[in-house]
$ cat final.cif   # mmCIF, C-alpha atoms and all ligand atoms
data_my_file
#
loop_
_atom_site.label_atom_id
_atom_site.label_comp_id
_atom_site.auth_asym_id
_atom_site.auth_seq_id
_atom_site.Cartn_x
_atom_site.Cartn_y
_atom_site.Cartn_z
CA MET A 151 73.64 120.50 116.49
CA MET A 152 75.75 118.23 114.33
CA PRO A 153 73.69 116.32 111.81
CA LEU A 154 73.86 112.62 112.65
CA ALA A 155 75.26 110.15 110.16
CA LYS A 156 73.59 106.77 110.07
CA PRO A 157 75.02 104.72 112.96
CA HIS A 158 76.74 102.17 110.71
CA ILE A 159 78.46 104.98 108.79
CA ALA A 160 79.48 106.77 111.99
CA ALA A 161 81.01 103.47 113.13
CA MET A 162 83.16 103.14 109.99
CA ALA A 163 86.86 104.06 109.98
CA PRO A 164 87.99 106.18 107.01
CA TYR A 165 89.45 104.02 104.20
CA ALA A 166 93.19 103.70 104.82
CA LEU A 167 95.38 104.37 101.79
CA ALA A 168 99.16 104.12 102.01
CA THR A 169 101.10 106.94 103.66
CA LEU A 170 103.87 107.98 101.30
CA GLU A 171 106.25 109.81 103.60
CA VAL A 172 110.05 109.74 103.45
CA PRO A 173 112.72 111.83 105.21
CA GLU A 174 113.09 115.36 103.86
CA GLY A 175 115.29 115.54 100.78
CA ARG A 176 114.89 111.84 99.95
CA ARG A 177 113.49 110.81 96.58
CA LEU A 178 110.30 108.83 97.19
CA VAL A 179 110.19 105.37 95.61
CA SER A 180 106.57 104.31 95.90
CA MET A 181 106.23 100.56 96.33
CA ALA A 182 102.98 100.81 98.25
CA GLN A 183 100.10 100.98 95.79
CA ASN A 184 100.75 98.41 93.08
CA GLU A 185 100.95 101.02 90.36
CA SER A 186 102.66 100.16 87.07
CA LEU A 187 106.45 100.40 86.90
CA ARG A 188 106.23 102.38 83.68
CA PRO A 189 103.99 105.02 82.11
CA PRO A 190 101.13 103.91 79.83
CA SER A 191 101.40 103.30 76.09
CA PRO A 192 102.58 106.36 74.09
CA GLN A 193 99.22 106.13 72.29
CA VAL A 194 97.56 107.27 75.51
CA SER A 195 98.93 110.81 75.59
CA LYS A 196 97.87 111.37 71.97
CA ALA A 197 94.38 110.14 72.79
CA ILE A 198 94.15 112.43 75.80
CA GLU A 199 95.27 115.39 73.73
CA ASN A 200 92.54 114.68 71.19
CA ALA A 201 89.94 114.25 73.91
CA LEU A 202 90.84 117.66 75.32
CA GLN A 203 89.08 119.14 72.29
CA GLY A 204 85.58 118.84 73.64
CA VAL A 205 85.84 118.84 77.40
CA GLN A 206 83.16 121.54 77.60
CA LEU A 207 80.81 118.63 76.93
CA TYR A 208 79.89 115.84 79.34
CA PRO A 209 81.63 112.56 78.57
CA ASP A 210 79.92 109.63 76.87
CA PRO A 211 77.68 108.19 79.62
CA ASP A 212 77.64 104.82 77.84
CA TRP A 213 81.41 104.46 77.32
CA PHE A 214 80.66 103.36 73.75
CA ASP A 215 84.16 103.39 72.23
CA LEU A 216 85.74 101.94 75.34
CA ARG A 217 83.26 99.07 75.62
CA ARG A 218 83.62 98.32 71.94
CA GLU A 219 87.39 98.08 72.26
CA ILE A 220 87.26 95.90 75.39
CA ALA A 221 84.72 93.61 73.70
CA ARG A 222 86.90 93.32 70.58
CA VAL A 223 90.06 92.45 72.51
CA HIS A 224 88.46 89.99 74.93
CA HIS A 225 85.82 88.55 72.57
CA LEU A 226 82.94 89.70 74.77
CA ASP A 227 79.45 91.09 74.29
CA ALA A 228 79.80 94.89 74.64
CA ASP A 229 76.25 95.09 76.05
CA LEU A 230 77.31 93.16 79.15
CA ILE A 231 80.23 95.46 80.00
CA LEU A 232 79.92 98.22 82.62
CA CYS A 233 82.68 100.76 83.18
CA GLY A 234 83.40 102.42 86.51
CA ALA A 235 85.54 105.20 87.91
CA GLY A 236 87.97 102.49 88.90
CA SER A 237 86.73 99.01 89.64
CA MET A 238 86.25 100.29 93.19
CA GLU A 239 83.19 102.19 91.96
CA LEU A 240 81.76 98.98 90.52
CA ILE A 241 82.41 97.08 93.78
CA GLY A 242 80.74 99.86 95.77
CA CYS A 243 77.69 99.93 93.50
CA LEU A 244 77.35 96.13 93.52
CA ALA A 245 77.29 96.34 97.31
CA HIS A 246 74.66 99.08 97.33
CA ALA A 247 72.49 97.14 94.90
CA PHE A 248 72.69 93.70 96.48
CA LEU A 249 73.75 94.01 100.12
CA GLY A 250 72.22 95.55 103.21
CA PRO A 251 71.39 94.86 106.84
CA GLY A 252 70.80 91.14 107.26
CA ALA A 253 72.70 90.28 104.08
CA GLY A 254 76.17 88.80 104.16
CA VAL A 255 79.31 88.65 102.04
CA VAL A 256 81.69 85.72 102.27
CA THR A 257 85.29 86.28 101.28
CA SER A 258 88.72 84.90 102.07
CA GLN A 259 91.03 85.68 104.96
CA TYR A 260 93.31 88.13 103.15
CA ALA A 261 90.70 89.52 100.76
CA TYR A 262 91.19 92.90 99.13
CA ALA A 263 90.29 95.34 101.92
CA PHE A 264 87.83 97.41 99.89
CA ILE A 265 85.19 94.65 99.88
CA ALA A 266 84.85 95.01 103.67
CA THR A 267 84.43 98.77 103.21
CA ALA A 268 81.79 98.26 100.53
CA ALA A 269 79.90 95.83 102.77
CA ALA A 270 80.11 98.39 105.58
CA PHE A 271 78.55 101.08 103.30
CA THR A 272 75.37 99.02 103.41
CA ASN A 273 75.59 97.65 106.95
CA ALA A 274 75.94 94.11 105.58
CA SER A 275 77.97 91.54 107.47
CA ILE A 276 81.22 90.08 106.14
CA THR A 277 82.79 86.71 106.88
CA HIS A 278 86.48 86.04 106.21
CA VAL A 279 87.35 82.35 105.84
CA PRO A 280 90.88 80.98 106.35
CA GLU A 281 93.24 80.60 103.40
CA LYS A 282 95.63 77.70 102.92
CA GLN A 283 99.17 79.07 102.93
CA PHE A 284 97.99 82.33 101.32
CA PHE A 285 95.83 80.51 98.75
CA VAL A 286 92.05 80.96 98.50
CA ASP A 287 90.32 77.82 99.79
CA VAL A 288 87.24 77.12 97.68
CA ASP A 289 85.79 74.50 100.03
CA ALA A 290 86.10 76.79 103.04
CA LEU A 291 84.28 79.56 101.13
CA VAL A 292 81.46 77.20 100.19
CA ASP A 293 81.17 75.90 103.77
CA ALA A 294 80.84 79.46 105.11
CA VAL A 295 77.86 80.31 102.89
CA GLY A 296 74.65 80.61 104.91
CA ASN A 297 71.04 81.57 104.29
CA ASP A 298 71.87 85.26 104.55
CA THR A 299 74.79 85.12 102.09
CA ARG A 300 74.11 87.24 99.00
CA MET A 301 77.64 87.56 97.63
CA VAL A 302 80.96 85.72 97.55
CA PHE A 303 83.94 87.92 96.68
CA VAL A 304 87.28 86.54 95.48
CA ALA A 305 90.21 88.48 94.05
CA ASN A 306 92.16 86.21 91.71
CA PRO A 307 95.09 86.72 91.80
CA GLY A 308 94.71 87.91 95.36
CA ASN A 309 95.82 91.19 96.87
CA PRO A 310 97.86 91.29 99.14
CA THR A 311 98.89 87.64 98.69
CA GLY A 312 99.66 87.67 94.94
CA THR A 313 98.65 84.02 94.71
CA ARG A 314 96.31 82.70 92.09
CA ILE A 315 93.94 79.75 92.12
CA PRO A 316 93.45 78.00 88.75
CA ASP A 317 90.39 78.93 86.73
CA HIS A 318 88.95 75.45 87.21
CA GLU A 319 88.88 76.18 90.95
CA VAL A 320 86.89 79.36 90.29
CA ARG A 321 84.50 77.31 88.15
CA ARG A 322 84.20 74.72 90.90
CA LEU A 323 83.41 77.49 93.37
CA ARG A 324 80.63 78.75 91.11
CA GLU A 325 79.18 75.27 90.69
CA ARG A 326 79.06 74.71 94.42
CA LEU A 327 77.45 78.05 95.32
CA PRO A 328 73.68 78.49 95.45
CA VAL A 329 72.50 79.93 92.12
CA ASP A 330 71.16 83.11 93.72
CA VAL A 331 74.46 84.01 95.40
CA ILE A 332 76.46 86.50 93.32
CA LEU A 333 80.08 85.50 92.78
CA VAL A 334 82.36 88.49 92.19
CA VAL A 335 85.73 87.54 90.70
CA ASP A 336 88.03 90.55 90.92
CA GLU A 337 90.77 90.12 88.32
CA ALA A 338 92.54 93.44 88.91
CA TYR A 339 95.82 91.61 88.20
CA GLY A 340 94.40 89.24 85.57
CA GLU A 341 96.58 90.65 82.79
CA PHE A 342 99.75 89.65 84.62
CA CYS A 343 98.89 85.96 84.32
CA ASP A 344 96.91 85.84 81.10
CA ALA A 345 98.40 83.73 78.45
CA ASP A 346 95.70 85.52 77.52
CA ASP A 347 93.07 82.83 77.51
CA ASP A 348 90.32 85.19 78.69
CA ARG A 349 89.83 83.30 81.88
CA VAL A 350 86.35 83.06 83.36
CA PHE A 351 84.38 85.78 81.57
CA ASP A 352 82.01 83.14 80.22
CA LEU A 353 80.65 82.56 83.75
CA ALA A 354 78.92 85.95 83.52
CA GLY A 355 76.94 84.67 80.56
CA CYS A 356 75.54 81.59 82.30
CA SER A 357 75.39 82.34 86.04
CA ASN A 358 75.19 85.13 88.63
CA THR A 359 78.89 85.89 88.28
CA VAL A 360 80.59 89.25 87.78
CA VAL A 361 84.20 89.46 86.55
CA LEU A 362 86.03 92.72 87.27
CA ARG A 363 89.13 94.19 85.65
CA THR A 364 90.91 97.52 85.87
CA PHE A 365 93.13 99.85 83.87
CA SER A 366 94.97 100.82 87.08
CA LYS A 367 97.57 98.06 87.13
CA ALA A 368 98.92 96.42 83.94
CA TYR A 369 97.71 99.31 81.74
CA GLY A 370 99.42 101.93 83.93
CA LEU A 371 96.39 104.21 84.25
CA ALA A 372 95.75 104.32 88.01
CA GLY A 373 95.51 108.11 87.84
CA MET A 374 92.77 108.03 85.20
CA ARG A 375 90.33 105.95 87.30
CA VAL A 376 88.89 103.41 84.87
CA GLY A 377 87.71 99.91 85.70
CA TRP A 378 85.29 97.59 83.97
CA GLY A 379 83.36 94.43 84.53
CA TYR A 380 81.53 91.70 82.67
CA PHE A 381 78.06 91.30 84.12
CA PRO A 382 74.97 89.14 83.72
CA SER A 383 72.45 91.54 82.19
CA ASP A 384 70.08 91.75 85.22
CA ILE A 385 72.93 92.46 87.61
CA ALA A 386 74.34 95.04 85.17
CA GLY A 387 70.94 96.77 85.01
CA GLN A 388 70.63 97.09 88.79
CA THR A 389 74.27 98.10 89.33
CA ARG A 390 74.12 100.69 86.59
CA LYS A 391 71.38 102.62 88.39
CA LEU A 392 73.85 103.33 91.20
CA LEU A 393 76.83 104.44 89.11
CA ASN A 394 77.40 108.16 88.92
CA PRO A 395 75.96 109.16 85.51
CA ASN A 396 78.90 110.49 83.45
CA ASN A 397 81.22 108.67 85.85
CA ILE A 398 84.33 108.49 83.66
CA PRO A 399 85.89 111.73 82.35
CA ALA A 400 86.32 112.04 78.59
CA CYS A 401 90.12 112.04 78.84
CA SER A 402 90.04 108.90 80.95
CA GLN A 403 87.76 107.10 78.49
CA ALA A 404 90.03 108.07 75.61
CA ALA A 405 93.12 107.01 77.56
CA ALA A 406 91.69 103.61 78.47
CA THR A 407 90.48 102.99 74.92
CA ALA A 408 93.94 103.74 73.53
CA ALA A 409 95.61 101.57 76.17
CA MET A 410 93.29 98.65 75.39
CA THR A 411 94.10 99.01 71.69
CA ASP A 412 97.84 98.76 72.38
CA GLN A 413 97.87 95.20 73.74
CA ALA A 414 101.50 94.67 72.77
CA TYR A 415 102.60 97.49 75.06
CA MET A 416 100.58 96.15 78.00
CA LYS A 417 101.98 92.67 77.47
CA ALA A 418 105.50 94.04 77.42
CA THR A 419 104.80 95.78 80.74
CA CYS A 420 103.69 92.45 82.20
CA ARG A 421 106.80 90.72 80.84
CA ILE A 422 109.19 93.34 82.26
CA THR A 423 107.34 93.24 85.58
CA ALA A 424 107.67 89.44 85.77
CA GLU A 425 111.42 89.62 85.02
CA ILE A 426 112.11 92.17 87.74
CA ARG A 427 109.80 90.29 90.12
CA GLN A 428 111.87 87.16 89.57
CA GLU A 429 115.18 88.98 90.12
CA PHE A 430 113.90 90.44 93.35
CA THR A 431 112.52 87.07 94.48
CA ASP A 432 115.89 85.42 93.82
CA ALA A 433 117.72 88.13 95.77
CA MET A 434 115.33 87.79 98.71
CA THR A 435 115.70 84.01 98.69
CA ARG A 436 119.48 84.39 98.80
CA ALA A 437 119.10 86.80 101.71
CA GLY A 438 116.88 84.31 103.55
CA ILE A 439 113.70 86.40 103.33
CA ARG A 440 110.55 84.48 102.44
CA VAL A 441 108.59 85.70 99.43
CA VAL A 442 105.14 84.39 98.52
CA PRO A 443 105.09 83.33 94.83
CA SER A 444 103.26 86.07 92.94
CA HIS A 445 101.19 86.32 89.76
CA THR A 446 100.94 90.09 90.04
CA ASN A 447 103.03 93.27 90.05
CA PHE A 448 103.76 93.00 93.77
CA LEU A 449 105.30 90.59 96.26
CA LEU A 450 104.38 89.71 99.80
CA LEU A 451 107.51 89.48 101.96
CA GLU A 452 107.23 87.46 105.12
CA LEU A 453 109.69 88.39 107.88
CA GLU A 454 110.23 86.42 111.08
CA ASP A 455 107.88 88.50 113.20
CA PRO A 456 106.20 91.92 113.44
CA ASN A 457 109.30 93.54 114.93
CA SER A 458 111.46 92.38 112.04
CA ALA A 459 108.94 93.80 109.60
CA LYS A 460 108.98 97.09 111.47
CA SER A 461 112.76 97.23 111.53
CA ALA A 462 113.12 96.33 107.83
CA ASN A 463 110.49 98.91 106.96
CA ALA A 464 112.29 101.63 108.96
CA VAL A 465 115.54 101.03 107.05
CA LEU A 466 113.69 101.12 103.73
CA VAL A 467 111.76 104.32 104.52
CA ASP A 468 114.99 105.97 105.63
CA ALA A 469 116.30 105.39 102.12
CA GLY A 470 113.07 106.58 100.49
CA PHE A 471 111.49 103.19 99.74
CA VAL A 472 107.89 102.96 100.89
CA MET A 473 106.33 99.50 100.94
CA ARG A 474 102.93 98.69 102.45
CA GLY A 475 102.63 97.46 106.02
CA MET A 476 100.21 94.58 106.34
CA GLY A 477 99.05 94.96 109.94
CA SER A 478 95.51 95.81 108.83
CA TYR A 479 95.33 92.44 107.05
CA GLY A 480 96.37 90.60 110.20
CA LEU A 481 99.87 90.12 108.74
CA PRO A 482 102.06 92.40 110.87
CA GLN A 483 105.11 90.23 110.01
CA CYS A 484 104.68 91.03 106.29
CA LEU A 485 105.44 93.86 103.90
CA ARG A 486 103.93 94.18 100.45
CA ALA A 487 106.33 95.44 97.78
CA THR A 488 105.12 96.72 94.43
CA VAL A 489 107.47 95.75 91.61
CA CYS A 490 109.02 99.03 90.45
CA GLU A 491 111.78 99.96 87.97
CA ARG A 492 114.75 97.62 87.86
CA ASP A 493 117.34 99.98 89.40
CA ASP A 494 115.06 100.91 92.30
CA MET A 495 114.10 97.29 92.84
CA ARG A 496 117.77 96.30 92.95
CA MET A 497 118.46 99.03 95.46
CA ALA A 498 115.55 97.87 97.63
CA SER A 499 116.83 94.31 97.57
CA GLU A 500 120.34 95.48 98.48
CA ILE A 501 118.97 97.44 101.44
CA LEU A 502 117.02 94.42 102.65
CA THR A 503 119.97 92.08 102.15
CA ARG A 504 122.25 94.37 104.16
CA TRP A 505 119.58 94.75 106.84
CA ARG A 506 119.24 90.99 107.05
CA LYS A 507 122.98 90.44 107.37
CA GLY A 508 123.26 93.08 110.08
CA LYS A 509 120.70 91.41 112.28
C1 LIG A 601 94.07 97.82 92.67
C2 LIG A 601 92.91 96.91 92.88
C3 LIG A 601 91.65 97.24 92.41
C4 LIG A 601 91.45 98.46 91.65
O1 LIG A 601 91.07 99.44 91.75
P1 LIG A 601 90.69 100.64 90.78
O2 LIG A 601 89.55 101.25 91.51
O3 LIG A 601 90.27 100.04 89.47
O4 LIG A 601 91.90 101.47 90.71
C5 LIG A 601 90.60 96.35 92.56
N1 LIG A 601 90.81 95.17 93.16
C6 LIG A 601 92.01 94.81 93.62
C7 LIG A 601 92.18 93.48 94.23
C8 LIG A 601 93.10 95.68 93.50
O5 LIG A 601 94.28 95.33 93.99
#

$ encode --input "final.cif" --output "C-alpha cells"
Amino acid sequence: MMPLAKPHIAAMAPYALATLEVPEGRRLVSMAQNESLRPPSPQVSKAIENALQGVQLYPDPDWFDLRREIARVHHLDADLILCGAGSMELIGCLAHAFLGPGAGVVTSQYAYAFIATAAAFTNASITHVPEKQFFVDVDALVDAVGNDTRMVFVANPGNPTGTRIPDHEVRRLRERLPVDVILVVDEAYGEFCDADDDRVFDLAGCSNTVVLRTFSKAYGLAGMRVGWGYFPSDIAGQTRKLLNPNNIPACSQAAATAAMTDQAYMKATCRITAEIRQEFTDAMTRAGIRVVPSHTNFLLLELEDPNSAKSANAVLVDAGFVMRGMGSYGLPQCLRATVCERDDMRMASEILTRWRKGK
C-alpha cells in the first residue's frame, strides 16, 4: 500500500522551474531565472573561505552578524529581521503560519507564482485580480478582499511583469485593507529601483505588513539561498517557529553579510544591469517587438501571439539562449528575458531582430 498524501498535496503539481536545455555542443546562456549578470562582490569569496574554518559546527541559528549588517545598511531594527533559506522559505512559512482551509490570499493577476504554491501547501484559496496593463491595481485588490481573506501578496516590482507601483500606492493599499489582513510586499527586485530611499520598511513597524528582500538577485547570491524580511514582532514570532532551525548554512550567512557590506558593488551591478536593459529595450523597439518597461533585471517581451512567441523561442534556444516561457502565467504570447552580460544580450537582440525581419 502506498501511503496517502493529504488530498490537497496529492492534487498539487510539482513546482515548475525553468528547463535549461540547449542543443548538444551549444553554450547555454541562461536568461530564464533572473540571476545576476555578474558574480558577487570579491569580498564574498574571502568571507566564504573564512567561514569554511568551522563548518563542523552548526551555523548561527539567529543570523546575528547578517541581521546586524542588514539593519545598519537599511536603518532597521535588527530584532524585527528574519532570515530565510531564500525568501521563498519565508513566504512558505508565512503561509503555514497564517493560511489554511477556509482562509484566502488575494494577489494580482501576474503575481509571482510561488505565492500560489505556498497557499496550496496549506489548502488555502487564492484569488488573482486583474492588472491594468501589467501594473498592480490597488483598488481591484482592495475590492477582492472578503471575510475569509487573511493575506494580500504583492511583489513590487512585479515578476514576471517588471513593473513597479509607487510606494505611495503600496501605502494606500495598506490603509485600505482591514487591519487584521497581512500585507506581504515582496521586494525581491527592490535594489534595482532604490535610490535607495528604503521604501516601505516602516509599514512593518506600524501595521500587519511584511517586507521581503533577497540576496538572490542584485547581490548575485542565488546559489547561496539567503532571503530576509522585516516583520511586525508578533508575525515574526509565529513565522519563526516554522523556519528550519539552522536554516542558513554558515558559508551562506558569511557570503550574504559580506555582500551587504559592499553596497557600492551591488549598486554598480544595478547600474550595469539598467544600462544593458536599456540597450536591449531600444533594440527591441527598433525591431518592432514590444517590451514592458522594467524596474528589474529582466524584461517581459510581448510578441503578437502565442505562435510568434513559440517561434522566437525556438530560434533563441537553437542558438543557446534560454528565456522563460510565460504560458503558466496566462501569457503564452510573452517571453521573459533576464538581463545578462552585454555581449550575450546583444547577440540575443540580434537573433530576435533577424527573426522578426524574416517573418
Ligand atoms: C526571485 C524571487 C524571489 C526569491 O527568491 P529566493 O528564494 O530569495 O531566491 C522572491 N520573490 C520574487 C518575486 C522573485 O522573483

$ closest_atom_pairs --input "final.cif" --of "chain A" --to "ligand LIG 601 (chain A)" --cutoff "8 Å" --atoms "all atoms listed in the file" --output "CSV"
residue,atom,partner,partner_atom,distance
A:Gln183,CA,A:LIG601,C1,7.5
A:Asn184,CA,A:LIG601,C1,6.7
A:Glu185,CA,A:LIG601,C1,7.9
A:Gly234,CA,A:LIG601,O3,7.9
A:Ala235,CA,A:LIG601,O2,6.7
A:Gly236,CA,A:LIG601,O2,3.3
A:Ser237,CA,A:LIG601,O3,3.7
A:Met238,CA,A:LIG601,O2,3.8
A:Glu239,CA,A:LIG601,O2,6.4
A:Ala261,CA,A:LIG601,C7,7.8
A:Tyr262,CA,A:LIG601,C7,5.0
A:Phe264,CA,A:LIG601,N1,7.7
A:Ala305,CA,A:LIG601,C7,5.4
A:Asn306,CA,A:LIG601,C7,7.7
A:Pro307,CA,A:LIG601,C7,7.8
A:Gly308,CA,A:LIG601,C7,6.2
A:Asn309,CA,A:LIG601,C7,5.0
A:Pro310,CA,A:LIG601,O5,7.5
A:Asp336,CA,A:LIG601,N1,5.8
A:Glu337,CA,A:LIG601,C7,6.9
A:Ala338,CA,A:LIG601,N1,4.9
A:Tyr339,CA,A:LIG601,O5,7.1
A:Leu362,CA,A:LIG601,C5,7.9
A:Arg363,CA,A:LIG601,O3,7.1
A:Thr364,CA,A:LIG601,O3,4.4
A:Phe365,CA,A:LIG601,O3,6.3
A:Ser366,CA,A:LIG601,O4,4.8
A:Lys367,CA,A:LIG601,C1,6.6
A:Ala372,CA,A:LIG601,O4,5.5
A:Arg375,CA,A:LIG601,O4,5.8
A:Val376,CA,A:LIG601,O3,5.9
A:Gly377,CA,A:LIG601,O3,4.6
A:Trp378,CA,A:LIG601,O3,7.8

$ residues_around --input "final.cif" --residues "stretch 462-468 of chain A" --least-positions-apart "3" --cutoff "12 Å" --atoms "all atoms listed in the file" --output "ChimeraX atom specification"
/A:169-182,439,451-459,471-476,482-487,494-495,497-509

$ atom_distance --input "final.cif" --atom1 "atom CA of A:Val489" --atom2 "atom CA of A:Ala418"
14.4 Å

$ atom_distance --input "final.cif" --atom1 "atom CA of A:Asn358" --atom2 "atom CA of A:Leu244"
12.2 Å

$ atom_distance --input "final.cif" --atom1 "atom CA of A:Ala406" --atom2 "atom CA of A:Asp210"
13.3 Å

$ residues_around --input "final.cif" --residues "stretch 190-200 of chain A" --least-positions-apart "3" --cutoff "8 Å" --atoms "all atoms listed in the file" --output "list of chain:residue names"
A:Gln203, A:Tyr369, A:Gly370, A:Leu371, A:Cys401, A:Ser402, A:Ala404, A:Ala405, A:Ala406, A:Ala408, A:Ala409, A:Asp412, A:Tyr415, A:Met416

$ residues_near_point --input "final.cif" --point "(75.4, 91.0, 85.3)" --cutoff "9 Å" --atoms "only C-alpha atoms" --output "PDB file with C-alpha atoms, keeping the file's coordinate frame"
ATOM      1  CA  LEU A 230      77.310  93.160  79.150  1.00  0.00           C
ATOM      2  CA  ILE A 231      80.230  95.460  80.000  1.00  0.00           C
ATOM      3  CA  LEU A 232      79.920  98.220  82.620  1.00  0.00           C
ATOM      4  CA  ALA A 354      78.920  85.950  83.520  1.00  0.00           C
ATOM      5  CA  GLY A 355      76.940  84.670  80.560  1.00  0.00           C
ATOM      6  CA  SER A 357      75.390  82.340  86.040  1.00  0.00           C
ATOM      7  CA  ASN A 358      75.190  85.130  88.630  1.00  0.00           C
ATOM      8  CA  THR A 359      78.890  85.890  88.280  1.00  0.00           C
ATOM      9  CA  VAL A 360      80.590  89.250  87.780  1.00  0.00           C
ATOM     10  CA  GLY A 379      83.360  94.430  84.530  1.00  0.00           C
ATOM     11  CA  TYR A 380      81.530  91.700  82.670  1.00  0.00           C
ATOM     12  CA  PHE A 381      78.060  91.300  84.120  1.00  0.00           C
ATOM     13  CA  PRO A 382      74.970  89.140  83.720  1.00  0.00           C
ATOM     14  CA  SER A 383      72.450  91.540  82.190  1.00  0.00           C
ATOM     15  CA  ASP A 384      70.080  91.750  85.220  1.00  0.00           C
ATOM     16  CA  ILE A 385      72.930  92.460  87.610  1.00  0.00           C
ATOM     17  CA  ALA A 386      74.340  95.040  85.170  1.00  0.00           C
ATOM     18  CA  GLY A 387      70.940  96.770  85.010  1.00  0.00           C
ATOM     19  CA  GLN A 388      70.630  97.090  88.790  1.00  0.00           C
ATOM     20  CA  THR A 389      74.270  98.100  89.330  1.00  0.00           C
TER      21      THR A 389
END

$ build_atoms --input "final.cif" --residues "stretch 501-507 of chain A" --atoms "all heavy atoms" --output "compact mmCIF listing (two decimals), in the coordinates of the input"
# COMPACT_ATOMS: atom_id res chain seq x y z
N ILE A 501 119.24 96.92 100.08
CA ILE A 501 118.97 97.44 101.44
C ILE A 501 118.49 96.31 102.35
O ILE A 501 118.95 96.15 103.48
CB ILE A 501 117.93 98.58 101.38
CG1 ILE A 501 118.53 99.81 100.69
CG2 ILE A 501 117.43 98.94 102.78
CD1 ILE A 501 117.53 100.85 100.27
N LEU A 502 117.57 95.50 101.82
CA LEU A 502 117.02 94.42 102.65
C LEU A 502 118.07 93.35 102.94
O LEU A 502 118.11 92.79 104.04
CB LEU A 502 115.80 93.79 101.96
CG LEU A 502 114.50 94.60 102.09
CD1 LEU A 502 113.41 94.03 101.19
CD2 LEU A 502 114.02 94.63 103.55
N THR A 503 118.92 93.08 101.96
CA THR A 503 119.97 92.08 102.15
C THR A 503 120.95 92.54 103.23
O THR A 503 121.31 91.77 104.12
CB THR A 503 120.71 91.82 100.82
OG1 THR A 503 119.73 91.42 99.84
CG2 THR A 503 121.76 90.74 100.96
N ARG A 504 121.34 93.82 103.14
CA ARG A 504 122.25 94.37 104.16
C ARG A 504 121.59 94.34 105.54
O ARG A 504 122.21 93.96 106.53
CB ARG A 504 122.63 95.82 103.81
CG ARG A 504 123.96 95.93 103.08
CD ARG A 504 124.56 97.34 103.20
NE ARG A 504 123.61 98.39 102.86
CZ ARG A 504 123.35 98.82 101.62
NH1 ARG A 504 124.00 98.32 100.59
NH2 ARG A 504 122.47 99.77 101.39
N TRP A 505 120.33 94.74 105.57
CA TRP A 505 119.58 94.75 106.84
C TRP A 505 119.57 93.34 107.45
O TRP A 505 119.83 93.15 108.62
CB TRP A 505 118.15 95.24 106.60
CG TRP A 505 117.22 94.95 107.74
CD1 TRP A 505 117.08 95.70 108.88
CD2 TRP A 505 116.33 93.85 107.86
NE1 TRP A 505 116.15 95.10 109.70
CE2 TRP A 505 115.69 93.97 109.09
CE3 TRP A 505 116.01 92.76 107.04
CZ2 TRP A 505 114.73 93.06 109.54
CZ3 TRP A 505 115.07 91.84 107.46
CH2 TRP A 505 114.44 91.98 108.71
N ARG A 506 119.34 92.37 106.59
CA ARG A 506 119.24 90.99 107.05
C ARG A 506 120.59 90.49 107.61
O ARG A 506 120.64 89.81 108.63
CB ARG A 506 118.76 90.14 105.87
CG ARG A 506 118.54 88.69 106.13
CD ARG A 506 117.45 88.46 107.15
NE ARG A 506 117.77 87.27 107.90
CZ ARG A 506 117.02 86.19 107.97
NH1 ARG A 506 115.86 86.17 107.39
NH2 ARG A 506 117.41 85.15 108.63
N LYS A 507 121.64 90.86 106.92
CA LYS A 507 122.98 90.44 107.37
C LYS A 507 123.35 91.08 108.69
O LYS A 507 124.02 90.47 109.53
CB LYS A 507 124.04 90.83 106.33
CG LYS A 507 124.10 89.85 105.16
CD LYS A 507 125.32 90.11 104.30
CE LYS A 507 125.32 89.20 103.08
NZ LYS A 507 125.73 89.94 101.86
